[in-house]
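Colleague: As input, take start01.csv (CSV, C-alpha atoms (C1' of nucleotides)):
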chain,number,residue,atom,x,y,z
Y,1,MET,CA,18.6,-84.7,29.5
Y,2,HIS,CA,20.5,-81.5,29.8
Y,3,ILE,CA,20.6,-78.5,32.1
Y,4,THR,CA,18.0,-75.9,31.3
Y,5,LEU,CA,18.5,-72.7,29.4
Y,6,GLU,CA,17.7,-70.9,32.6
Y,7,ALA,CA,20.8,-72.3,34.2
Y,8,ASP,CA,22.9,-71.2,31.3
Y,9,TYR,CA,21.4,-67.7,31.6
Y,10,GLY,CA,22.2,-67.8,35.3
Y,11,ILE,CA,25.8,-68.6,34.6
Y,12,ARG,CA,26.1,-65.7,32.2
Y,13,MET,CA,24.5,-63.4,34.6
Y,14,MET,CA,26.8,-64.4,37.4
Y,15,VAL,CA,29.8,-64.1,35.1
Y,16,TYR,CA,28.7,-60.6,34.3
Y,17,MET,CA,28.3,-59.7,37.9
Y,18,ALA,CA,31.7,-61.0,38.8
Y,19,ARG,CA,33.2,-59.0,35.9
Y,20,ALA,CA,31.5,-55.9,37.0
Y,21,GLY,CA,32.8,-56.3,40.5
Y,22,LYS,CA,30.3,-53.9,42.0
Y,23,ARG,CA,26.6,-53.6,42.6
Y,24,VAL,CA,24.6,-53.6,39.3
Y,25,ASP,CA,20.9,-53.3,38.7
Y,26,ALA,CA,18.8,-56.0,37.1
Y,27,LYS,CA,18.4,-54.1,33.8
Y,28,THR,CA,22.1,-53.7,33.3
Y,29,ILE,CA,22.7,-57.4,34.1
Y,30,SER,CA,19.9,-58.5,31.8
Y,31,GLU,CA,21.3,-56.5,28.9
Y,32,ASN,CA,24.8,-57.6,29.3
Y,33,ALA,CA,23.9,-61.3,29.7
Y,34,GLU,CA,21.4,-61.1,26.9
Y,35,VAL,CA,18.4,-62.3,28.9
Y,36,THR,CA,15.1,-60.5,29.0
Y,37,LEU,CA,14.7,-58.3,32.1
Y,38,ARG,CA,11.7,-60.2,33.4
Y,39,PHE,CA,13.3,-63.6,33.2
Y,40,ALA,CA,16.6,-62.2,34.6
Y,41,LEU,CA,14.7,-60.9,37.6
Y,42,LYS,CA,13.2,-64.3,38.2
Y,43,ILE,CA,16.6,-65.9,38.2
Y,44,LEU,CA,18.1,-63.1,40.3
Y,45,ARG,CA,15.4,-63.8,42.9
Y,46,LYS,CA,16.6,-67.4,43.1
Y,47,PHE,CA,20.2,-66.3,43.5
Y,48,ALA,CA,19.2,-63.9,46.3
Y,49,ALA,CA,17.1,-66.5,48.1
Y,50,SER,CA,19.9,-69.1,48.0
Y,51,GLY,CA,22.4,-66.5,49.3
Y,52,ILE,CA,25.0,-66.4,46.6
Y,53,VAL,CA,23.9,-62.9,45.6
Y,54,LYS,CA,22.8,-60.0,47.8
Y,55,SER,CA,19.9,-57.8,46.7
Y,56,PHE,CA,19.3,-54.1,47.5
Y,57,LYS,CA,16.1,-52.3,47.0
Y,58,GLY,CA,15.5,-48.7,46.1
Y,59,MET,CA,17.7,-46.1,44.5
Y,60,GLN,CA,21.3,-47.3,44.0
Y,61,GLY,CA,19.8,-50.7,44.6
Y,62,GLY,CA,20.7,-53.8,42.6
Y,63,TYR,CA,22.6,-57.0,43.0
Y,64,GLU,CA,26.1,-58.0,43.9
Y,65,LEU,CA,27.9,-61.2,44.7
Y,66,ALA,CA,27.5,-62.2,48.3
Y,67,LYS,CA,30.9,-63.9,48.3
Y,68,PRO,CA,34.2,-63.5,46.3
Y,69,ALA,CA,34.0,-65.2,42.9
Y,70,GLU,CA,36.6,-67.6,44.1
Y,71,GLU,CA,34.1,-69.0,46.6
Y,72,ILE,CA,31.2,-69.5,44.3
Y,73,THR,CA,31.1,-72.7,42.3
Y,74,LEU,CA,29.3,-73.7,39.1
Y,75,LYS,CA,27.4,-76.2,41.3
Y,76,ASP,CA,26.1,-73.3,43.5
Y,77,ILE,CA,24.8,-71.6,40.4
Y,78,VAL,CA,23.4,-74.5,38.6
Y,79,GLU,CA,21.7,-76.0,41.7
Y,80,THR,CA,20.3,-72.7,42.8
Y,81,VAL,CA,18.4,-72.6,39.5
Y,82,GLU,CA,17.6,-76.2,39.0
Y,83,GLY,CA,17.8,-77.9,42.4
Y,84,THR,CA,20.0,-80.8,43.3
Y,85,TYR,CA,21.4,-82.5,40.2
Y,86,TYR,CA,20.3,-86.1,39.5
Y,87,PHE,CA,21.2,-88.0,36.4
Y,88,SER,CA,18.0,-90.0,36.5
Y,89,ARG,CA,14.6,-89.2,38.0
Y,90,CYS,CA,14.7,-92.5,39.9
Y,91,LEU,CA,17.3,-91.0,42.3
Y,92,ASN,CA,15.2,-88.0,43.2
Y,93,PRO,CA,13.5,-88.7,46.5
Y,94,GLU,CA,10.5,-86.7,45.5
Y,95,SER,CA,9.7,-88.6,42.3
Y,96,GLY,CA,11.4,-91.8,43.4
Y,97,CYS,CA,11.9,-95.1,41.6
Y,98,ASN,CA,8.7,-96.2,39.9
Y,99,ARG,CA,9.5,-99.8,39.7
Y,100,THR,CA,7.1,-101.8,41.9
Y,101,ASN,CA,7.5,-105.4,40.6
Y,102,PRO,CA,10.1,-107.2,42.7
Y,103,ASP,CA,10.9,-109.4,39.7
Y,104,VAL,CA,11.9,-106.3,37.8
Y,105,CYS,CA,13.7,-104.5,40.5
Y,106,HIS,CA,13.7,-105.1,44.2
Y,107,GLY,CA,15.3,-102.4,46.2
Y,108,PRO,CA,17.8,-100.1,44.5
Y,109,CYS,CA,18.7,-101.7,41.1
Y,110,LYS,CA,22.1,-101.9,39.6
Y,111,ALA,CA,21.4,-99.2,37.1
Y,112,GLN,CA,20.5,-96.9,39.9
Y,113,ALA,CA,23.9,-97.5,41.5
Y,114,VAL,CA,25.5,-96.4,38.3
Y,115,PHE,CA,23.3,-93.3,38.0
Y,116,ASP,CA,24.0,-92.4,41.5
Y,117,ASP,CA,27.7,-92.6,40.7
Y,118,ILE,CA,27.3,-90.4,37.6
Y,119,SER,CA,25.3,-87.8,39.6
Y,120,GLU,CA,28.0,-87.6,42.1
Y,121,LEU,CA,30.6,-87.4,39.4
Y,122,VAL,CA,28.8,-84.5,37.8
Y,123,ARG,CA,28.2,-82.7,41.0
Y,124,SER,CA,31.8,-82.9,42.2
Y,125,ARG,CA,33.0,-81.7,38.8
Y,126,LEU,CA,30.7,-78.7,39.0
Y,127,GLU,CA,32.0,-78.0,42.4
Y,128,GLN,CA,35.6,-77.9,41.3
Y,129,VAL,CA,34.9,-74.9,39.0
Y,130,THR,CA,34.7,-71.5,40.6
Y,131,LEU,CA,33.1,-68.4,39.1
Y,132,ALA,CA,36.5,-66.8,39.1
Y,133,GLN,CA,37.8,-69.5,36.8
Y,134,LEU,CA,35.1,-68.5,34.2
Y,135,LEU,CA,36.3,-64.9,33.8
F,1,MET,CA,18.2,-81.9,33.7
F,2,HIS,CA,18.0,-85.7,33.9
F,3,ILE,CA,17.5,-88.6,31.4
F,4,THR,CA,14.0,-89.3,30.4
F,5,LEU,CA,11.6,-91.9,31.8
F,6,GLU,CA,11.7,-93.4,28.3
F,7,ALA,CA,15.4,-94.2,28.8
F,8,ASP,CA,14.7,-95.8,32.1
F,9,TYR,CA,12.0,-97.9,30.6
F,10,GLY,CA,14.4,-98.8,27.8
F,11,ILE,CA,17.0,-100.0,30.3
F,12,ARG,CA,14.4,-102.1,32.1
F,13,MET,CA,13.3,-103.7,28.9
F,14,MET,CA,16.8,-104.5,27.8
F,15,VAL,CA,17.5,-106.0,31.2
F,16,TYR,CA,14.5,-108.2,30.9
F,17,MET,CA,15.5,-109.3,27.4
F,18,ALA,CA,18.9,-110.1,28.6
F,19,ARG,CA,17.5,-112.1,31.5
F,20,ALA,CA,15.1,-114.0,29.2
F,21,GLY,CA,18.0,-115.0,27.0
F,22,LYS,CA,15.7,-115.8,24.1
F,23,ARG,CA,13.4,-114.2,21.7
F,24,VAL,CA,10.4,-112.6,23.4
F,25,ASP,CA,7.4,-110.7,22.1
F,26,ALA,CA,6.7,-107.1,22.8
F,27,LYS,CA,3.7,-107.9,25.1
F,28,THR,CA,5.8,-110.1,27.4
F,29,ILE,CA,8.6,-107.5,27.5
F,30,SER,CA,6.1,-104.7,28.3
F,31,GLU,CA,4.5,-106.6,31.1
F,32,ASN,CA,7.7,-107.6,32.7
F,33,ALA,CA,9.3,-104.2,32.4
F,34,GLU,CA,6.1,-102.5,33.5
F,35,VAL,CA,5.7,-100.3,30.5
F,36,THR,CA,2.5,-100.0,28.4
F,37,LEU,CA,2.6,-102.2,25.3
F,38,ARG,CA,2.3,-99.2,22.9
F,39,PHE,CA,5.1,-97.3,24.5
F,40,ALA,CA,7.3,-100.4,24.7
F,41,LEU,CA,6.8,-100.9,21.0
F,42,LYS,CA,7.9,-97.4,20.3
F,43,ILE,CA,11.0,-97.9,22.3
F,44,LEU,CA,11.7,-101.4,20.8
F,45,ARG,CA,11.5,-99.8,17.3
F,46,LYS,CA,14.3,-97.5,18.3
F,47,PHE,CA,16.4,-100.4,19.6
F,48,ALA,CA,15.8,-102.3,16.4
F,49,ALA,CA,16.7,-99.3,14.2
F,50,SER,CA,19.9,-98.7,16.1
F,51,GLY,CA,20.9,-102.3,15.8
F,52,ILE,CA,21.2,-103.4,19.4
F,53,VAL,CA,18.1,-105.5,19.2
F,54,LYS,CA,16.9,-107.7,16.3
F,55,SER,CA,13.1,-107.8,15.5
F,56,PHE,CA,11.2,-110.7,13.9
F,57,LYS,CA,7.7,-110.4,12.4
F,58,GLY,CA,4.9,-112.9,12.3
F,59,MET,CA,4.2,-115.9,14.6
F,60,GLN,CA,7.1,-116.8,16.9
F,61,GLY,CA,8.2,-113.2,16.2
F,62,GLY,CA,9.5,-110.8,18.8
F,63,TYR,CA,12.7,-109.3,19.9
F,64,GLU,CA,16.1,-110.5,20.9
F,65,LEU,CA,19.4,-108.9,21.7
F,66,ALA,CA,21.5,-108.5,18.6
F,67,LYS,CA,24.7,-109.0,20.6
F,68,PRO,CA,25.8,-110.7,23.8
F,69,ALA,CA,24.8,-108.6,26.9
F,70,GLU,CA,28.5,-108.2,27.6
F,71,GLU,CA,28.8,-106.1,24.4
F,72,ILE,CA,25.9,-103.8,24.9
F,73,THR,CA,26.6,-100.8,27.1
F,74,LEU,CA,24.4,-98.4,29.0
F,75,LYS,CA,25.5,-95.7,26.7
F,76,ASP,CA,24.2,-97.7,23.7
F,77,ILE,CA,20.8,-98.0,25.4
F,78,VAL,CA,20.5,-94.4,26.7
F,79,GLU,CA,21.8,-92.8,23.5
F,80,THR,CA,19.5,-95.0,21.3
F,81,VAL,CA,16.6,-93.6,23.1
F,82,GLU,CA,17.7,-90.0,23.7
F,83,GLY,CA,20.4,-89.3,21.2
F,84,THR,CA,24.0,-88.2,22.0
F,85,TYR,CA,24.3,-87.0,25.6
F,86,TYR,CA,25.1,-83.3,26.2
F,87,PHE,CA,25.2,-81.8,29.6
F,88,SER,CA,24.2,-78.4,28.3
F,89,ARG,CA,22.2,-77.4,25.2
F,90,CYS,CA,24.9,-75.1,24.2
F,91,LEU,CA,27.0,-78.1,23.2
F,92,ASN,CA,24.4,-79.6,20.9
F,93,PRO,CA,25.4,-78.6,17.3
F,94,GLU,CA,21.7,-78.5,16.4
F,95,SER,CA,20.6,-76.0,19.0
F,96,GLY,CA,24.1,-74.4,19.4
F,97,CYS,CA,25.3,-71.7,21.7
F,98,ASN,CA,22.9,-68.8,21.7
F,99,ARG,CA,25.3,-66.2,22.9
F,100,THR,CA,25.9,-63.6,20.2
F,101,ASN,CA,27.4,-60.6,22.1
F,102,PRO,CA,31.1,-60.8,22.0
F,103,ASP,CA,31.3,-59.0,25.3
F,104,VAL,CA,29.5,-61.8,26.9
F,105,CYS,CA,31.1,-64.7,25.2
F,106,HIS,CA,33.3,-64.6,22.1
F,107,GLY,CA,33.9,-68.1,20.8
F,108,PRO,CA,33.5,-71.1,23.0
F,109,CYS,CA,33.2,-69.8,26.5
F,110,LYS,CA,34.9,-71.3,29.6
F,111,ALA,CA,31.7,-72.7,30.9
F,112,GLN,CA,31.3,-74.6,27.7
F,113,ALA,CA,34.6,-76.2,28.1
F,114,VAL,CA,33.6,-77.5,31.5
F,115,PHE,CA,30.3,-78.7,30.1
F,116,ASP,CA,32.1,-80.5,27.3
F,117,ASP,CA,34.2,-82.1,29.9
F,118,ILE,CA,31.3,-83.3,32.0
F,119,SER,CA,29.4,-84.6,28.9
F,120,GLU,CA,32.5,-86.7,28.0
F,121,LEU,CA,32.8,-87.9,31.6
F,122,VAL,CA,29.2,-89.1,31.6
F,123,ARG,CA,29.4,-90.7,28.3
F,124,SER,CA,32.5,-92.6,29.2
F,125,ARG,CA,31.0,-93.8,32.5
F,126,LEU,CA,27.9,-95.0,30.7
F,127,GLU,CA,30.1,-96.8,28.2
F,128,GLN,CA,31.9,-98.7,31.0
F,129,VAL,CA,28.8,-100.4,32.1
F,130,THR,CA,27.6,-103.4,30.2
F,131,LEU,CA,24.1,-104.8,30.1
F,132,ALA,CA,25.5,-108.0,31.6
F,133,GLN,CA,26.6,-106.1,34.6
F,134,LEU,CA,23.1,-105.0,35.3
F,135,LEU,CA,21.7,-108.5,35.7
T,1,DG,C1',7.3,-37.1,54.0
T,2,DT,C1',6.6,-37.6,49.3
T,3,DT,C1',8.7,-39.0,45.0
T,4,DT,C1',11.6,-41.9,42.6
T,5,DT,C1',14.0,-46.1,41.8
T,6,DA,C1',14.4,-50.7,41.9
T,7,DT,C1',13.6,-55.2,44.1
T,8,DT,C1',10.0,-58.7,45.5
T,9,DA,C1',5.9,-61.6,45.4
T,10,DT,C1',2.4,-63.8,43.1
T,11,DA,C1',0.2,-65.4,39.4
T,12,DC,C1',-0.4,-66.3,34.8
T,13,DC,C1',0.3,-67.7,29.7
T,14,DA,C1',2.9,-69.8,25.7
T,15,DT,C1',6.0,-73.1,23.9
T,16,DT,C1',8.5,-77.2,23.8
T,17,DT,C1',9.4,-81.6,25.3
T,18,DT,C1',8.1,-85.8,27.1
T,19,DA,C1',4.8,-89.4,27.6
T,20,DG,C1',1.4,-92.1,25.9
T,21,DT,C1',-2.2,-93.8,22.3
T,22,DA,C1',-4.5,-95.3,17.9
T,23,DG,C1',-5.3,-97.4,13.4
T,24,DA,C1',-4.0,-99.2,9.4
T,25,DT,C1',-0.3,-101.9,7.1
T,26,DT,C1',3.1,-105.4,6.4
T,27,DA,C1',5.7,-109.5,7.0
T,28,DT,C1',6.1,-114.3,8.8
T,29,DT,C1',4.8,-118.7,10.3
T,30,DT,C1',1.5,-122.4,10.7
N,1,DA,C1',-5.7,-118.4,4.0
N,2,DA,C1',-5.6,-117.4,9.0
N,3,DA,C1',-3.3,-115.9,12.9
N,4,DT,C1',0.3,-113.5,15.0
N,5,DA,C1',3.3,-109.9,15.8
N,6,DA,C1',6.1,-106.1,14.2
N,7,DT,C1',6.1,-101.4,11.6
N,8,DC,C1',4.7,-96.9,10.0
N,9,DT,C1',2.4,-92.6,10.6
N,10,DA,C1',0.0,-89.7,13.0
N,11,DC,C1',-2.2,-87.9,16.8
N,12,DT,C1',-3.3,-86.4,21.8
N,13,DA,C1',-2.3,-85.4,26.7
N,14,DA,C1',0.6,-84.0,30.3
N,15,DA,C1',4.5,-82.0,32.2
N,16,DA,C1',8.4,-79.0,32.2
N,17,DT,C1',10.4,-75.0,30.5
N,18,DG,C1',10.5,-70.4,29.0
N,19,DG,C1',8.7,-66.0,29.3
N,20,DT,C1',5.2,-62.1,30.9
N,21,DA,C1',2.3,-59.0,33.7
N,22,DT,C1',0.7,-56.6,37.8
N,23,DA,C1',0.8,-55.0,42.1
N,24,DA,C1',3.3,-54.5,46.4
N,25,DT,C1',7.2,-53.2,49.1
N,26,DA,C1',11.5,-51.1,50.5
N,27,DA,C1',15.1,-47.7,50.4
N,28,DA,C1',17.2,-43.6,49.4
N,29,DA,C1',17.1,-38.7,47.8
N,30,DC,C1',15.2,-34.5,47.7
Please render this file's structure as structure tokens.
Modeller:
Amino acid sequence: MHITLEADYGIRMMVYMARAGKRVDAKTISENAEVTLRFALKILRKFAASGIVKSFKGMQGGYELAKPAEEITLKDIVETVEGTYYFSRCLNPESGCNRTNPDVCHGPCKAQAVFDDISELVRSRLEQVTLAQLL
Amino acid sequence: MHITLEADYGIRMMVYMARAGKRVDAKTISENAEVTLRFALKILRKFAASGIVKSFKGMQGGYELAKPAEEITLKDIVETVEGTYYFSRCLNPESGCNRTNPDVCHGPCKAQAVFDDISELVRSRLEQVTLAQLL
DNA sequence: GTTTTATTATACCATTTTAGTAGATTATTT
DNA sequence: AAATAATCTACTAAAATGGTATAATAAAAC
């Protein structure tokens, strides 16, 4: 029904990184964003994989934003952690609509159209907000 | 991240009841909406408790819409099943924002304002759609 | 080139939420 | 009284979320 705690943590971590404005190691990020180091590392890996954050190994290693905070949106952050946003499972191609009886729902039903609409509404609103605006 | 299957079932059941246009028993509803009888009963109880459906015991008993389909909204249905819609847990007064470090977030943070906005957006969109429009 | 620092990969466990079930009880109509 | 159908309470199963642990790998410093 709502976004996960992990996504919330992710936002906090990104906000901290943007504030820092330089390369920071995972431990510092986790302490400042109040997320356990281990869990923070897991989230940071997702960020690195999706390309919104760059990671550096070894001494003086750590993480930094891959782009200016003005170019990273809330949608980038949330969807990196959670995947594409869908208001209802029915819309997710992987789970798909589970209605099989044509009397109940043949083809995309009217509720689905509304849910599709809402999903798009949420995604575009998330896209309008940049990390820079959260500082 | 998305509304529950239970809410989807609930919508299907309400759509069926609206189509039927008369009192129907739980078994018939469950079969037509493709939900197990037991689970359907559980959902119907919530509908009856919230007042969007009237229930009748005994022979010739069953369920019927408490109001015309034009006066029941998707929001009524979804929130009866799931409770008030919040995009992020942080907004739910019961769970509450878990950020305690004032350096990270003192008072309502900017992300929360956006989430509040999105929650309201979703709720109002759900409110615009009536059960009648789903038939 | 070895040591140190810090990320990465994989896999696992615990908790919470969601989904679904069961039995006994109560109310209503015939 | 008998039959039907909802209600209450409680329980179990499955899935998703939240969190941990270990070993491996890469980079820089000395």
Colleague: So the first atom is atom C1' of DA26 of chain N and the second is atom C1' of DA6 of chain T; what is the distance between them in Å, to one decimal place?
Modeller: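 Straight-line distance from atom C1' of DA26 of chain N to atom C1' of DA6 of chain T works out to 9.1 Å.
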Colleague: What's the 9 Å shell around Ile72 of chain Y, counting all atoms listed in the file, without same-chain residues fewer than 3 positions away, as an mmCIF file with C-alpha atoms, keeping the file's coordinate frame?
Modeller:
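Saved as around.cif:
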data_model
loop_
_atom_site.group_PDB
_atom_site.id
_atom_site.type_symbol
_atom_site.label_atom_id
_atom_site.label_comp_id
_atom_site.auth_asym_id
_atom_site.auth_seq_id
_atom_site.Cartn_x
_atom_site.Cartn_y
_atom_site.Cartn_z
ATOM 1 C CA ILE Y 52 25.000 -66.400 46.600
ATOM 2 C CA LEU Y 65 27.900 -61.200 44.700
ATOM 3 C CA LYS Y 67 30.900 -63.900 48.300
ATOM 4 C CA PRO Y 68 34.200 -63.500 46.300
ATOM 5 C CA ALA Y 69 34.000 -65.200 42.900
ATOM 6 C CA LYS Y 75 27.400 -76.200 41.300
ATOM 7 C CA ASP Y 76 26.100 -73.300 43.500
ATOM 8 C CA ILE Y 77 24.800 -71.600 40.400
ATOM 9 C CA GLU Y 127 32.000 -78.000 42.400
ATOM 10 C CA VAL Y 129 34.900 -74.900 39.000
ATOM 11 C CA THR Y 130 34.700 -71.500 40.600
ATOM 12 C CA LEU Y 131 33.100 -68.400 39.100
ATOM 13 C CA ALA Y 132 36.500 -66.800 39.100
#
Colleague: Please provide the set of residues having any atom within 10 Å of segment 18-22 of chain T, restricted to only C-alpha atoms (C1' of nucleotides), with same-chain residues fewer than 4 positions apart removed, written as a PDB file with C-alpha atoms (C1' of nucleotides), in the frame of the given file.
Modeller:
ATOM      1  CA  THR F   4      14.000 -89.300  30.400  1.00  0.00           C
ATOM      2  CA  LEU F   5      11.600 -91.900  31.800  1.00  0.00           C
ATOM      3  CA  GLU F   6      11.700 -93.400  28.300  1.00  0.00           C
ATOM      4  CA  THR F  36       2.500-100.000  28.400  1.00  0.00           C
ATOM      5  CA  ARG F  38       2.300 -99.200  22.900  1.00  0.00           C
ATOM      6  CA  PHE F  39       5.100 -97.300  24.500  1.00  0.00           C
TER       7      PHE F  39
ATOM      8  C1'  DA N  10       0.000 -89.700  13.000  1.00  0.00           C
ATOM      9  C1'  DC N  11      -2.200 -87.900  16.800  1.00  0.00           C
ATOM     10  C1'  DT N  12      -3.300 -86.400  21.800  1.00  0.00           C
ATOM     11  C1'  DA N  13      -2.300 -85.400  26.700  1.00  0.00           C
ATOM     12  C1'  DA N  14       0.600 -84.000  30.300  1.00  0.00           C
ATOM     13  C1'  DA N  15       4.500 -82.000  32.200  1.00  0.00           C
ATOM     14  C1'  DA N  16       8.400 -79.000  32.200  1.00  0.00           C
TER      15       DA N  16
END
Colleague: One decimal, in Å: what's the spacing between atom CA of Gln60 of chain F and atom CA of Val78 of chain F?
Modeller: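 Separation between atom CA of Gln60 of chain F and atom CA of Val78 of chain F: 27.9 Å.
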Colleague: Can you list, as a count of residues only, every protein, DNA or RNA residue that comes within 12 Å of Tyr85 of chain Y when you count all atoms listed in the file, leaving out same-chain residues fewer than 6 positions away?
Modeller: 31
Colleague: Provide as a list in words the residues of chain T at most 6 Å from chain F, counting all atoms listed in the file.
Modeller: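 Listed by rising number, the hits are DA27, DT28 and DT29 of chain T.
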Colleague: Give me, as a PyMOL selection string, the contact residues of chain N against chain F at a cut-off of 9 Å, counting all atoms listed in the file.
Modeller: chain N and resi 3-7
Colleague: Give me, please, the distance in Å between atom CA of Glu70 of chain F and atom CA of Asp8 of chain F, quoted to one decimal.
Modeller: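 Taking atom CA of Glu70 of chain F and atom CA of Asp8 of chain F, their separation equals 19.1 Å.
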Colleague: For DT7 of chain T, which residue out of Y:Ala48, Y:Tyr86, Y:Leu134, Y:Thr80 is the nearest one, using all atoms listed in the file?
Modeller: Y:Ala48
Colleague: Using all atoms listed in the file, which protein or nucleic acid residues come within 7 Å of segment 28-35 of chain Y? Drop anything in the same chain fewer than 5 positions from it, and give the result as a list in words.
Modeller: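 Within the cut-off, the hits are Tyr9, Arg12, Met13, Tyr16 and Ala40 of chain Y; Val104 of chain F.
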Colleague: Write out as a ChimeraX atom specification which residues come within 12 Å of DC13 of chain T when counting all atoms listed in the file, dropping same-chain ones fewer than 5 positions away.
Modeller: /N:18-21
Colleague: Which residue gives the smallest distance to chain F among Y:Met14, Y:Lys54, Y:Glu64, Y:Ala49, with only C-alpha atoms counted?
Modeller: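 So, comparing all the options, the nearest one is Y:Met14.
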Colleague: Closest to Ala66 of chain Y among Y:Leu37, Y:Leu135, Y:Ala111, Y:Ala18, using all atoms listed in the file?
Modeller: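 Nearest candidate to Ala66 of chain Y out of Y:Leu37, Y:Leu135, Y:Ala111, Y:Ala18: Y:Ala18.
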Colleague: For chain Y, which of F:Val24, F:Ile11, F:Ile43, F:Val81 is the closest residue, counting all atoms listed in the file?
Modeller: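 Of F:Val24, F:Ile11, F:Ile43, F:Val81, the one nearest chain Y is F:Ile11, counting all atoms listed in the file.
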Colleague: Pick the closest to chain F from Y:Ser88, Y:Ser50, Y:Thr73, Y:Gln112: which is it, counting all atoms listed in the file?
Modeller: Y:Ser88
